[in-house]
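A.B. asks: Okay, so here is entry.tsv, and as you'll see once you scroll down, it has TSV, C-alpha atoms and all ligand atoms.
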```
chain	number	residue	atom	x	y	z
A	2	MET	CA	-25.94	-120.62	109.18
A	3	LYS	CA	-28.71	-122.59	110.82
A	4	TYR	CA	-29.51	-126.25	110.30
A	5	ARG	CA	-32.54	-128.50	110.67
A	6	ALA	CA	-33.06	-132.25	110.41
A	7	LEU	CA	-34.15	-133.51	106.99
A	8	GLY	CA	-36.73	-136.01	108.19
A	9	LYS	CA	-35.25	-139.43	108.94
A	10	THR	CA	-32.33	-139.13	106.51
A	11	GLY	CA	-29.86	-138.28	109.26
A	12	ILE	CA	-28.88	-135.16	107.31
A	13	LYS	CA	-28.78	-131.75	108.97
A	14	SER	CA	-29.67	-129.35	106.20
A	15	SER	CA	-28.93	-125.65	106.11
A	16	ILE	CA	-32.30	-123.89	106.29
A	17	LEU	CA	-31.31	-121.98	103.14
A	18	GLY	CA	-30.64	-124.22	100.14
A	19	PHE	CA	-29.03	-123.27	96.85
A	20	GLY	CA	-31.40	-123.95	93.94
A	21	ALA	CA	-29.67	-124.22	90.56
A	22	MET	CA	-32.53	-123.34	88.24
A	23	ARG	CA	-31.89	-119.60	87.85
A	24	LEU	CA	-28.13	-119.47	87.47
A	25	PRO	CA	-26.41	-116.29	86.22
A	26	LEU	CA	-26.41	-116.03	82.42
A	27	ARG	CA	-24.15	-114.29	79.93
A	28	SER	CA	-26.88	-114.04	77.30
A	29	SER	CA	-30.56	-114.88	76.87
A	30	ASN	CA	-29.62	-118.50	76.12
A	31	PRO	CA	-30.42	-120.52	79.30
A	32	GLU	CA	-27.41	-122.76	78.60
A	33	ASP	CA	-24.98	-119.84	78.53
A	34	VAL	CA	-24.28	-119.83	82.28
A	35	ASP	CA	-21.80	-117.32	83.66
A	36	VAL	CA	-19.49	-119.85	85.31
A	37	MET	CA	-17.13	-117.20	86.72
A	38	GLU	CA	-19.98	-115.62	88.71
A	39	MET	CA	-21.24	-119.08	89.57
A	40	ARG	CA	-17.85	-120.06	91.01
A	41	LYS	CA	-17.93	-117.05	93.33
A	42	MET	CA	-21.50	-117.81	94.38
A	43	ILE	CA	-20.80	-121.46	95.16
A	44	ASP	CA	-17.62	-120.72	97.10
A	45	TYR	CA	-19.31	-117.99	99.14
A	46	ALA	CA	-22.34	-120.21	99.81
A	47	VAL	CA	-20.27	-123.16	101.04
A	48	GLU	CA	-17.87	-121.02	103.06
A	49	ASN	CA	-20.87	-119.44	104.79
A	50	GLY	CA	-22.54	-122.70	105.71
A	51	ILE	CA	-24.97	-123.57	102.91
A	52	ASN	CA	-24.72	-127.35	102.66
A	53	MET	CA	-27.77	-128.17	100.53
A	54	PHE	CA	-27.68	-127.79	96.73
A	55	ASP	CA	-30.40	-128.74	94.30
A	56	THR	CA	-30.48	-129.25	90.57
A	57	ALA	CA	-32.43	-131.26	87.97
A	58	LEU	CA	-31.91	-132.94	84.64
A	59	VAL	CA	-33.96	-130.29	82.86
A	60	TYR	CA	-32.60	-127.15	84.52
A	61	HIS	CA	-30.95	-124.68	82.16
A	62	THR	CA	-31.82	-126.20	78.82
A	63	ALA	CA	-32.76	-124.34	75.67
A	64	ASP	CA	-34.91	-127.31	74.69
A	65	ARG	CA	-36.87	-129.27	77.28
A	66	ALA	CA	-36.60	-132.36	75.12
A	67	ARG	CA	-32.92	-132.65	76.09
A	68	PRO	CA	-30.98	-132.30	79.38
A	69	GLY	CA	-29.83	-128.93	80.63
A	70	VAL	CA	-26.41	-127.80	81.78
A	71	SER	CA	-27.19	-127.19	85.47
A	72	GLU	CA	-26.29	-130.69	86.69
A	73	GLY	CA	-22.92	-130.68	84.93
A	74	ILE	CA	-21.99	-127.23	86.24
A	75	LEU	CA	-23.01	-128.02	89.80
A	76	GLY	CA	-21.21	-131.36	89.68
A	77	GLU	CA	-18.00	-129.69	88.56
A	78	MET	CA	-18.23	-126.84	91.06
A	79	LEU	CA	-19.05	-128.98	94.08
A	80	LYS	CA	-16.60	-131.81	93.48
A	81	GLU	CA	-14.02	-130.28	95.80
A	82	TYR	CA	-16.47	-129.95	98.69
A	83	ASP	CA	-17.08	-133.22	100.58
A	84	GLU	CA	-19.31	-131.79	103.27
A	85	VAL	CA	-22.20	-130.65	101.05
A	86	HIS	CA	-25.39	-132.49	100.06
A	87	LEU	CA	-26.58	-132.54	96.48
A	88	SER	CA	-30.04	-133.36	95.20
A	89	THR	CA	-31.19	-133.82	91.64
A	90	LYS	CA	-34.40	-134.74	89.87
A	91	MET	CA	-35.47	-137.10	87.11
A	92	PRO	CA	-38.48	-135.95	85.06
A	93	SER	CA	-41.42	-137.99	86.35
A	94	TRP	CA	-43.34	-137.44	83.13
A	95	ASN	CA	-40.73	-139.44	81.18
A	96	ILE	CA	-40.42	-142.39	83.56
A	97	THR	CA	-42.19	-144.98	81.48
A	98	SER	CA	-39.60	-147.75	81.30
A	99	TRP	CA	-36.62	-149.19	83.16
A	100	GLU	CA	-34.52	-148.49	80.06
A	101	TYR	CA	-35.20	-144.73	80.37
A	102	PHE	CA	-34.74	-144.70	84.15
A	103	ASP	CA	-31.49	-146.68	84.05
A	104	LYS	CA	-29.93	-144.72	81.19
A	105	THR	CA	-30.99	-141.32	82.54
A	106	LEU	CA	-29.69	-142.11	86.01
A	107	ASP	CA	-26.29	-143.07	84.59
A	108	TYR	CA	-26.22	-139.82	82.61
A	109	GLN	CA	-27.06	-137.83	85.75
A	110	LEU	CA	-24.34	-139.55	87.77
A	111	GLU	CA	-21.83	-138.74	85.07
A	112	GLN	CA	-22.89	-135.08	85.03
A	113	LEU	CA	-22.71	-134.84	88.82
A	114	GLN	CA	-19.37	-136.72	88.91
A	115	LYS	CA	-20.75	-139.13	91.50
A	116	ASP	CA	-21.13	-142.88	91.97
A	117	SER	CA	-24.35	-142.38	93.89
A	118	ILE	CA	-27.01	-139.67	94.08
A	119	GLU	CA	-27.40	-138.80	97.74
A	120	LEU	CA	-30.83	-137.14	97.37
A	121	PHE	CA	-32.86	-138.30	94.39
A	122	PHE	CA	-36.15	-136.61	93.48
A	123	VAL	CA	-38.86	-137.90	91.19
A	124	HIS	CA	-39.46	-134.53	89.55
A	125	SER	CA	-42.88	-132.86	89.55
A	126	ILE	CA	-45.43	-135.63	90.00
A	127	LYS	CA	-48.79	-134.44	88.72
A	128	ASP	CA	-52.34	-135.67	89.22
A	129	SER	CA	-52.79	-136.19	85.48
A	130	PHE	CA	-50.22	-138.97	85.07
A	131	TYR	CA	-49.36	-140.31	88.52
A	132	GLY	CA	-51.43	-143.48	87.96
A	133	ASP	CA	-49.59	-144.19	84.70
A	134	ILE	CA	-46.06	-143.93	86.09
A	135	LYS	CA	-47.00	-145.94	89.17
A	136	GLU	CA	-48.47	-148.72	87.03
A	137	GLY	CA	-45.47	-148.40	84.71
A	138	GLY	CA	-43.09	-149.54	87.47
A	139	LEU	CA	-41.82	-146.32	89.11
A	140	TYR	CA	-41.32	-147.88	92.54
A	141	GLU	CA	-39.71	-151.00	91.19
A	142	PHE	CA	-37.22	-148.83	89.25
A	143	ILE	CA	-36.35	-146.78	92.33
A	144	ASP	CA	-35.85	-149.91	94.45
A	145	ARG	CA	-33.58	-151.44	91.82
A	146	ALA	CA	-31.42	-148.29	91.72
A	147	LYS	CA	-31.30	-148.19	95.53
A	148	ASP	CA	-30.28	-151.83	95.63
A	149	ASP	CA	-27.48	-151.33	93.11
A	150	GLY	CA	-26.25	-148.29	95.08
A	151	ARG	CA	-26.90	-145.52	92.55
A	152	ILE	CA	-29.52	-143.81	94.75
A	153	GLU	CA	-29.24	-143.23	98.48
A	154	HIS	CA	-32.29	-141.27	99.70
A	155	VAL	CA	-35.52	-140.80	97.75
A	156	GLY	CA	-38.07	-138.01	97.58
A	157	PHE	CA	-40.38	-136.36	95.09
A	158	SER	CA	-41.31	-132.85	94.09
A	159	THR	CA	-44.89	-131.91	93.43
A	160	HIS	CA	-47.51	-129.23	93.07
A	161	ALA	CA	-50.21	-131.88	93.41
A	162	SER	CA	-53.47	-131.62	95.30
A	163	TYR	CA	-53.48	-132.56	98.98
A	164	GLU	CA	-55.45	-135.72	98.12
A	165	LEU	CA	-52.82	-136.87	95.65
A	166	LEU	CA	-50.05	-136.02	98.11
A	167	GLU	CA	-51.63	-138.39	100.62
A	168	GLU	CA	-51.94	-141.11	97.99
A	169	ILE	CA	-48.31	-140.79	96.92
A	170	LEU	CA	-47.14	-140.80	100.54
A	171	ASN	CA	-49.09	-144.01	101.17
A	172	ASP	CA	-47.54	-145.70	98.14
A	173	TYR	CA	-43.84	-145.54	99.01
A	174	LYS	CA	-41.26	-145.06	101.77
A	175	TRP	CA	-40.39	-141.46	100.86
A	176	GLU	CA	-37.82	-139.59	102.92
A	177	PHE	CA	-38.32	-135.99	101.78
A	178	VAL	CA	-40.64	-133.91	99.62
A	179	LEU	CA	-40.12	-130.67	97.74
A	180	THR	CA	-43.20	-128.52	97.46
A	181	GLN	CA	-44.19	-124.92	96.79
A	182	VAL	CA	-45.23	-122.81	99.76
A	183	ASN	CA	-45.09	-119.05	100.22
A	184	TYR	CA	-47.40	-116.56	101.90
A	185	ILE	CA	-49.52	-116.39	98.74
A	186	ASP	CA	-49.55	-120.10	97.88
A	187	ASN	CA	-50.38	-121.68	101.20
A	188	GLU	CA	-53.79	-123.25	100.80
A	189	ILE	CA	-53.53	-125.53	97.78
A	190	ASN	CA	-51.04	-127.72	95.90
A	191	PRO	CA	-50.72	-128.97	98.67
A	192	GLY	CA	-50.33	-125.93	100.98
A	193	LEU	CA	-49.76	-125.78	104.72
A	194	LYS	CA	-52.00	-128.80	105.22
A	195	GLY	CA	-49.52	-130.78	103.13
A	196	LEU	CA	-46.62	-129.41	105.13
A	197	LYS	CA	-48.26	-130.51	108.39
A	198	LYS	CA	-48.88	-133.99	107.02
A	199	LEU	CA	-45.24	-134.36	105.98
A	200	SER	CA	-44.06	-133.20	109.36
A	201	GLU	CA	-46.34	-135.69	111.16
A	202	LEU	CA	-44.76	-138.47	109.11
A	203	ASN	CA	-41.25	-137.14	109.85
A	204	ILE	CA	-40.60	-136.64	106.15
A	205	GLY	CA	-38.08	-133.90	105.34
A	206	THR	CA	-39.76	-130.82	103.90
A	207	MET	CA	-38.01	-128.76	101.28
A	208	ILE	CA	-39.64	-125.64	99.91
A	209	MET	CA	-39.43	-124.19	96.41
A	210	GLU	CA	-40.53	-120.84	94.98
A	211	PRO	CA	-40.34	-118.95	98.31
A	212	LEU	CA	-40.41	-115.70	96.32
A	213	ARG	CA	-42.83	-116.97	93.68
A	214	GLY	CA	-40.36	-116.56	90.86
A	215	GLY	CA	-39.31	-113.14	92.20
A	216	GLN	CA	-42.83	-111.68	92.29
A	217	LEU	CA	-42.67	-111.30	96.05
A	218	ALA	CA	-39.22	-109.72	95.96
A	219	VAL	CA	-39.31	-106.71	93.66
A	220	ASN	CA	-41.71	-104.28	92.00
A	221	GLN	CA	-44.46	-104.92	94.47
A	222	PRO	CA	-47.48	-102.76	93.74
A	223	GLN	CA	-48.10	-99.67	95.86
A	224	PRO	CA	-51.02	-101.09	97.90
A	225	ILE	CA	-48.79	-104.02	98.93
A	226	GLN	CA	-45.92	-101.71	99.84
A	227	ASP	CA	-48.33	-99.64	101.93
A	228	ILE	CA	-49.43	-102.70	103.90
A	229	PHE	CA	-45.84	-103.66	104.63
A	230	LYS	CA	-45.04	-100.09	105.68
A	231	SER	CA	-47.79	-100.27	108.29
A	232	SER	CA	-45.86	-103.01	110.14
A	233	LYS	CA	-43.53	-102.28	113.06
A	234	ARG	CA	-41.08	-104.73	111.51
A	235	ASP	CA	-38.25	-103.45	109.42
A	236	PHE	CA	-38.29	-106.41	107.00
A	237	SER	CA	-37.54	-106.18	103.28
A	238	PRO	CA	-40.04	-107.94	100.95
A	239	VAL	CA	-37.57	-110.83	100.55
A	240	GLU	CA	-37.20	-111.06	104.33
A	241	TRP	CA	-40.96	-111.27	104.84
A	242	ALA	CA	-41.15	-114.11	102.32
A	243	PHE	CA	-38.29	-116.13	103.84
A	244	ASN	CA	-39.27	-115.49	107.44
A	245	TYR	CA	-42.80	-116.71	106.71
A	246	LEU	CA	-41.22	-120.10	105.92
A	247	TRP	CA	-38.37	-120.24	108.43
A	248	ASP	CA	-40.90	-119.36	111.15
A	249	LYS	CA	-42.36	-122.85	110.66
A	250	LYS	CA	-40.48	-125.62	112.44
A	251	GLU	CA	-41.97	-128.10	109.93
A	252	VAL	CA	-39.76	-126.59	107.20
A	253	SER	CA	-36.38	-128.29	106.84
A	254	CYS	CA	-34.90	-126.26	103.98
A	255	VAL	CA	-35.97	-123.38	101.72
A	256	PHE	CA	-34.43	-123.46	98.26
A	257	SER	CA	-33.73	-120.14	96.66
A	258	GLY	CA	-32.86	-119.97	92.96
A	259	MET	CA	-30.10	-117.41	93.33
A	260	SER	CA	-28.80	-115.60	90.26
A	261	ASN	CA	-25.87	-113.51	91.47
A	262	LEU	CA	-23.41	-113.20	94.33
A	263	ASN	CA	-25.30	-110.34	95.97
A	264	GLN	CA	-28.41	-112.46	96.28
A	265	VAL	CA	-26.38	-115.23	97.93
A	266	LYS	CA	-24.88	-112.75	100.40
A	267	GLU	CA	-28.23	-111.13	101.17
A	268	ASN	CA	-30.03	-114.43	101.71
A	269	ILE	CA	-27.30	-115.70	104.01
A	270	ARG	CA	-27.52	-112.45	105.99
A	271	LEU	CA	-31.25	-113.03	106.44
A	272	VAL	CA	-30.73	-116.55	107.77
A	273	GLU	CA	-28.70	-115.20	110.65
A	274	LYS	CA	-31.74	-113.31	111.97
A	275	ALA	CA	-34.25	-116.11	111.39
A	276	GLU	CA	-35.73	-118.44	114.01
A	277	ASP	CA	-38.73	-120.71	114.10
A	278	GLY	CA	-41.56	-119.01	115.97
A	279	MET	CA	-40.18	-115.53	115.24
A	280	LEU	CA	-43.41	-114.16	113.73
A	281	ASN	CA	-46.40	-113.15	115.85
A	282	ASP	CA	-50.15	-112.92	115.22
A	283	ALA	CA	-49.86	-109.33	113.97
A	284	ASP	CA	-47.30	-110.45	111.38
A	285	TYR	CA	-49.60	-113.21	110.15
A	286	ASP	CA	-52.55	-110.81	109.97
A	287	LEU	CA	-50.44	-108.48	107.88
A	288	LEU	CA	-49.39	-111.27	105.48
A	289	GLU	CA	-53.03	-112.31	105.12
A	290	LYS	CA	-53.87	-108.72	104.15
A	291	VAL	CA	-51.06	-108.76	101.58
A	292	LYS	CA	-52.33	-112.04	100.19
A	293	SER	CA	-55.91	-110.81	99.81
A	294	GLU	CA	-54.64	-107.65	98.13
A	295	TYR	CA	-52.73	-109.79	95.62
A	296	GLU	CA	-55.80	-111.97	95.09
A	297	LYS	CA	-57.85	-108.90	94.28
A	298	MET	CA	-55.37	-108.19	91.50
A	299	LYS	CA	-56.06	-111.60	89.98
A	300	ASN	CA	-52.72	-112.15	88.25
A	301	ILE	CA	-51.70	-115.29	86.38
A	302	PRO	CA	-49.81	-117.56	88.85
A	303	CYS	CA	-46.80	-118.06	86.58
A	304	THR	CA	-43.50	-118.48	88.46
A	305	GLY	CA	-41.30	-118.21	85.36
A	306	CYS	CA	-39.97	-121.76	85.76
A	307	ASN	CA	-39.79	-122.24	81.96
A	308	TYR	CA	-41.03	-125.83	82.06
A	309	CYS	CA	-43.50	-125.01	79.28
A	310	MET	CA	-40.74	-123.85	76.95
A	311	PRO	CA	-39.93	-123.99	74.15
A	312	CYS	CA	-43.27	-123.44	72.47
A	313	PRO	CA	-43.13	-124.93	68.94
A	314	PHE	CA	-44.79	-121.78	67.63
A	315	GLY	CA	-42.30	-119.44	69.25
A	316	VAL	CA	-44.41	-117.91	72.02
A	317	ASN	CA	-42.34	-116.73	74.98
A	318	ILE	CA	-44.95	-117.94	77.46
A	319	PRO	CA	-43.37	-116.84	80.78
A	320	LYS	CA	-42.46	-113.43	79.39
A	321	CYS	CA	-46.03	-112.86	78.13
A	322	PHE	CA	-47.42	-113.77	81.56
A	323	TYR	CA	-44.80	-111.75	83.41
A	324	GLU	CA	-45.49	-108.56	81.48
A	325	TYR	CA	-49.23	-109.09	81.82
A	326	ASN	CA	-48.92	-109.53	85.59
A	327	MET	CA	-46.65	-106.55	85.94
A	328	ASP	CA	-49.00	-104.43	83.85
A	329	LYS	CA	-52.01	-105.53	85.91
A	330	ILE	CA	-50.47	-104.97	89.30
A	331	SER	CA	-48.03	-102.13	88.86
A	332	ASN	CA	-50.38	-99.71	87.22
A	333	SER	CA	-47.42	-98.29	85.35
A	334	GLU	CA	-46.86	-97.92	81.65
A	335	ASN	CA	-43.49	-99.62	81.80
A	336	ALA	CA	-44.64	-103.24	81.60
A	337	SER	CA	-46.88	-102.47	78.67
A	338	ILE	CA	-43.96	-100.84	76.88
A	339	GLN	CA	-41.85	-103.92	77.61
A	340	TYR	CA	-44.44	-106.14	75.99
A	341	ARG	CA	-45.21	-103.92	73.05
A	342	PHE	CA	-41.71	-102.89	72.07
A	343	GLN	CA	-39.21	-105.28	73.63
A	344	LEU	CA	-40.88	-108.60	72.95
A	345	HIS	CA	-40.39	-109.69	69.36
A	346	GLU	CA	-43.58	-109.97	67.33
A	347	ASP	CA	-42.93	-113.71	66.82
A	348	ARG	CA	-42.78	-114.27	70.58
A	349	LYS	CA	-46.07	-112.59	71.51
A	350	ALA	CA	-49.26	-114.26	72.70
A	351	HIS	CA	-51.08	-114.01	69.38
A	352	ASN	CA	-48.75	-116.67	67.91
A	353	CYS	CA	-50.34	-119.35	70.11
A	354	THR	CA	-52.14	-121.91	67.92
A	355	LYS	CA	-53.66	-123.64	70.98
A	356	CYS	CA	-51.84	-126.86	70.02
A	357	GLY	CA	-51.82	-127.83	73.72
A	358	LYS	CA	-48.20	-129.09	73.83
A	359	CYS	CA	-47.38	-126.93	76.84
A	360	LEU	CA	-50.37	-127.91	78.95
A	361	MET	CA	-48.92	-131.01	80.62
A	362	SER	CA	-45.73	-129.28	81.68
A	363	CYS	CA	-47.02	-126.43	83.84
A	364	PRO	CA	-46.58	-127.19	87.56
A	365	GLN	CA	-49.00	-124.36	88.35
A	366	SER	CA	-51.69	-126.01	86.18
A	367	ILE	CA	-52.19	-122.79	84.24
A	368	ASP	CA	-54.46	-123.02	81.21
A	369	ILE	CA	-51.64	-121.59	79.10
A	370	PRO	CA	-53.44	-121.15	75.75
A	371	GLY	CA	-56.50	-119.74	77.55
A	372	GLN	CA	-54.43	-117.27	79.53
A	373	LEU	CA	-52.46	-116.28	76.44
A	374	SER	CA	-55.78	-115.25	74.89
A	375	VAL	CA	-56.31	-113.04	77.95
A	376	VAL	CA	-52.84	-111.53	77.48
A	377	GLU	CA	-53.47	-110.98	73.77
A	378	LYS	CA	-56.72	-109.21	74.51
A	379	HIS	CA	-55.19	-107.15	77.29
A	380	PHE	CA	-52.35	-105.79	75.18
A	381	GLY	CA	-54.48	-105.68	72.05
A	382	ASP	CA	-51.78	-107.32	69.93
B	401	LIG	S1	-50.72	-124.13	73.22
B	401	LIG	FE1	-49.90	-122.19	72.45
B	401	LIG	S2	-48.31	-121.63	73.90
B	401	LIG	FE2	-48.75	-123.79	74.25
B	401	LIG	S3	-47.22	-124.85	72.99
B	401	LIG	FE3	-49.08	-124.64	71.73
B	401	LIG	S4	-48.80	-122.75	70.59
B	401	LIG	FE4	-47.30	-122.74	72.26
B	402	LIG	S1	-46.67	-121.01	82.44
B	402	LIG	FE1	-46.33	-122.60	83.96
B	402	LIG	S2	-44.66	-123.85	83.10
B	402	LIG	FE2	-44.68	-121.92	81.97
B	402	LIG	S3	-43.21	-120.61	83.04
B	402	LIG	FE3	-45.23	-120.16	83.92
B	402	LIG	S4	-45.39	-121.51	85.70
B	402	LIG	FE4	-43.70	-122.30	84.44
```
Using the file provided, produce a representation of the structure as structure tokens.
Ligand code: SF4
Ligand code: SF4
C.D. replies:
Amino acid sequence: MKYRALGKTGIKSSILGFGAMRLPLRSSNPEDVDVMEMRKMIDYAVENGINMFDTALVYHTADRARPGVSEGILGEMLKEYDEVHLSTKMPSWNITSWEYFDKTLDYQLEQLQKDSIELFFVHSIKDSFYGDIKEGGLYEFIDRAKDDGRIEHVGFSTHASYELLEEILNDYKWEFVLTQVNYIDNEINPGLKGLKKLSELNIGTMIMEPLRGGQLAVNQPQPIQDIFKSSKRDFSPVEWAFNYLWDKKEVSCVFSGMSNLNQVKENIRLVEKAEDGMLNDADYDLLEKVKSEYEKMKNIPCTGCNYCMPCPFGVNIPKCFYEYNMDKISNSENASIQYRFQLHEDRKAHNCTKCGKCLMSCPQSIDIPGQLSVVEKHFGD
């Protein structure tokens, strides 16, 4: 394993982190985690040097209005390992009072089986409500919890614009930031410019969605595969995506939401070959070509994070977008068949009433009802 400094925290983080938002499941219920598989994954990860684990209050819930099971499972599985670092997140969109903050923090500590959260994230700060939570006392709440010892180090996660990133950074003494960067998403929200800014301030940089919800890992369309084949490198698609990030010395840790033991093994194997500065100009030119090819395909930038779920009218939003994207880029009949015959009628795009409930929750700022209309039209349902 390889390690890099996490800003000024004094922590040396493994460059591969274990994200607990896509844990192995025994059924389609996100709370039905396969703990036997999970045990093997955690043990293998720790024994092979991964020392950074990340969860959140809302990971693995069947209903976003209540907490998920990820924190509790990770807390239980990591309690025997002293040498690992654990981060969790409190939903920024709910932080409107000290009562909520205080009660939620106690609940999280109980789930994690800790007296103090070593790495505390304010989860997914967005442009649309940052002013409200700031005015509502966010920083006062954090300081109180730091003073009483329940929080050690503080960061935030965001898909915000670069301008908002700067504003948030100016407002508080943050120690680390979690943001989305991959070779497709590198210009906005807040992109490589954001990464550079964080590095200049010596703030630890943690990266999410390195594989864009798996889109960069499997089923890549033929034109993309052809571009990769033209390289002298013998990298797999997953390797290209990780190396793009590990190549940058500004990156402290890349979180991967691993779902089975094989993925853990494979990702750890890739770390061993990774170094900062390992990619050359030809590699970057190739990734730019891949990116522009993807852009030509104009898919919906859904990462499958599930934050928009559940929809009160039953629409399976990420599944609709996934099948649409696959159908658009793969040029095969399979995705269309998946949508038409494997997605229940009640879960399809045409059930969207445009109530707008999901709009605030999408970190990718997707116009969900608008894009569902596109999906509906595309599949003619
Ligand atoms: S806008 Fe459509 S998809 Fe979103 S919550 Fe309402 S019905 Fe569901
Ligand atoms: S639409 Fe947005 S919130 Fe919903 S799964 Fe996709 S990226 Fe996540």
A.B. asks: Which residue out of A:Lys266, A:Lys233, A:Lys320, A:Lys194 has the minimum interatomic distance to ligand LIG 402 (chain B) when only C-alpha atoms and all ligand atoms are used?
C.D. replies: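 Among the listed residues, A:Lys320 lies closest to ligand LIG 402 (chain B).
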A.B. asks: Ranking A:Met53, A:Met259, A:Leu7, A:Leu179 by minimum distance to Leu26 in chain A and counting all atoms listed in the file, which one comes first?
C.D. replies: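 With all atoms listed in the file as the atom set, the closest residue is A:Met259.
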A.B. asks: Per residue of chain A within 7 Å of ligand LIG 402 (chain B), what are the shortest atom pair and its distance in Å to one decimal, counting all atoms listed in the file, with rows by chain and residue number, as JSON lines?
C.D. replies:
```
{"residue": "A:Pro302", "atom": "CA", "partner": "B:LIG402", "partner_atom": "S4", "distance": 6.7}
{"residue": "A:Cys303", "atom": "CA", "partner": "B:LIG402", "partner_atom": "FE3", "distance": 3.7}
{"residue": "A:Thr304", "atom": "CA", "partner": "B:LIG402", "partner_atom": "S4", "distance": 4.5}
{"residue": "A:Gly305", "atom": "CA", "partner": "B:LIG402", "partner_atom": "S3", "distance": 3.8}
{"residue": "A:Cys306", "atom": "CA", "partner": "B:LIG402", "partner_atom": "FE4", "distance": 4.0}
{"residue": "A:Asn307", "atom": "CA", "partner": "B:LIG402", "partner_atom": "S3", "distance": 3.9}
{"residue": "A:Tyr308", "atom": "CA", "partner": "B:LIG402", "partner_atom": "S2", "distance": 4.3}
{"residue": "A:Cys309", "atom": "CA", "partner": "B:LIG402", "partner_atom": "S2", "distance": 4.2}
{"residue": "A:Met310", "atom": "CA", "partner": "B:LIG402", "partner_atom": "FE2", "distance": 6.7}
{"residue": "A:Ile318", "atom": "CA", "partner": "B:LIG402", "partner_atom": "FE2", "distance": 6.0}
{"residue": "A:Pro319", "atom": "CA", "partner": "B:LIG402", "partner_atom": "S3", "distance": 4.4}
{"residue": "A:Ser362", "atom": "CA", "partner": "B:LIG402", "partner_atom": "S2", "distance": 5.7}
{"residue": "A:Cys363", "atom": "CA", "partner": "B:LIG402", "partner_atom": "S2", "distance": 3.6}
{"residue": "A:Pro364", "atom": "CA", "partner": "B:LIG402", "partner_atom": "FE1", "distance": 5.8}
{"residue": "A:Gln365", "atom": "CA", "partner": "B:LIG402", "partner_atom": "S4", "distance": 5.3}
{"residue": "A:Ser366", "atom": "CA", "partner": "B:LIG402", "partner_atom": "FE1", "distance": 6.7}
{"residue": "A:Ile367", "atom": "CA", "partner": "B:LIG402", "partner_atom": "FE1", "distance": 5.9}
{"residue": "A:Ile369", "atom": "CA", "partner": "B:LIG402", "partner_atom": "S1", "distance": 6.0}
```
A.B. asks: Could you report the residues within 12 Å of ligand LIG 401 (chain B), using only C-alpha atoms and all ligand atoms, as a ChimeraX atom specification?
C.D. replies: /A:307-322,347-363,367-374,376-377
A.B. asks: May I have the selected residues written with C-alpha atoms, as a compact mmCIF listing (two decimals), in the coordinates of the input?
C.D. replies:
```txt
# COMPACT_ATOMS: atom_id res chain seq x y z
CA ASN A 307 -39.79 -122.24 81.96
CA TYR A 308 -41.03 -125.83 82.06
CA CYS A 309 -43.50 -125.01 79.28
CA MET A 310 -40.74 -123.85 76.95
CA PRO A 311 -39.93 -123.99 74.15
CA CYS A 312 -43.27 -123.44 72.47
CA PRO A 313 -43.13 -124.93 68.94
CA PHE A 314 -44.79 -121.78 67.63
CA GLY A 315 -42.30 -119.44 69.25
CA VAL A 316 -44.41 -117.91 72.02
CA ASN A 317 -42.34 -116.73 74.98
CA ILE A 318 -44.95 -117.94 77.46
CA PRO A 319 -43.37 -116.84 80.78
CA LYS A 320 -42.46 -113.43 79.39
CA CYS A 321 -46.03 -112.86 78.13
CA PHE A 322 -47.42 -113.77 81.56
CA ASP A 347 -42.93 -113.71 66.82
CA ARG A 348 -42.78 -114.27 70.58
CA LYS A 349 -46.07 -112.59 71.51
CA ALA A 350 -49.26 -114.26 72.70
CA HIS A 351 -51.08 -114.01 69.38
CA ASN A 352 -48.75 -116.67 67.91
CA CYS A 353 -50.34 -119.35 70.11
CA THR A 354 -52.14 -121.91 67.92
CA LYS A 355 -53.66 -123.64 70.98
CA CYS A 356 -51.84 -126.86 70.02
CA GLY A 357 -51.82 -127.83 73.72
CA LYS A 358 -48.20 -129.09 73.83
CA CYS A 359 -47.38 -126.93 76.84
CA LEU A 360 -50.37 -127.91 78.95
CA MET A 361 -48.92 -131.01 80.62
CA SER A 362 -45.73 -129.28 81.68
CA CYS A 363 -47.02 -126.43 83.84
CA ILE A 367 -52.19 -122.79 84.24
CA ASP A 368 -54.46 -123.02 81.21
CA ILE A 369 -51.64 -121.59 79.10
CA PRO A 370 -53.44 -121.15 75.75
CA GLY A 371 -56.50 -119.74 77.55
CA GLN A 372 -54.43 -117.27 79.53
CA LEU A 373 -52.46 -116.28 76.44
CA SER A 374 -55.78 -115.25 74.89
CA VAL A 376 -52.84 -111.53 77.48
CA GLU A 377 -53.47 -110.98 73.77
```
A.B. asks: Find the residues near range 142-159 of chain A: any atom within 9 Å, counting all atoms listed in the file, skip ones fewer than 5 places away on the same chain, and give them as JSON, numbers by chain.
C.D. replies: {"A": [10, 90, 93, 98, 99, 102, 103, 106, 107, 110, 115, 116, 117, 118, 119, 120, 121, 122, 123, 124, 125, 126, 127, 166, 174, 175, 176, 177, 178, 179, 180, 181, 190, 191, 205, 207, 364]}
A.B. asks: Point out the residue among A:Leu193, A:Leu202, A:Leu75, A:Met279 with the least atom-to-atom distance to Asn171 in chain A, counting all atoms listed in the file.
C.D. replies: A:Leu202
A.B. asks: Pick out the closest residue to Glu72 in chain A from this set: A:Ala21, A:Phe236, A:Asn49, A:Thr97. Count all atoms listed in the file.
C.D. replies: A:Ala21
A.B. asks: Which one is closest to Tyr60 in chain A: A:Pro31, A:Gly278, A:Gly214, A:Gly8? Count only C-alpha atoms.
C.D. replies: A:Pro31
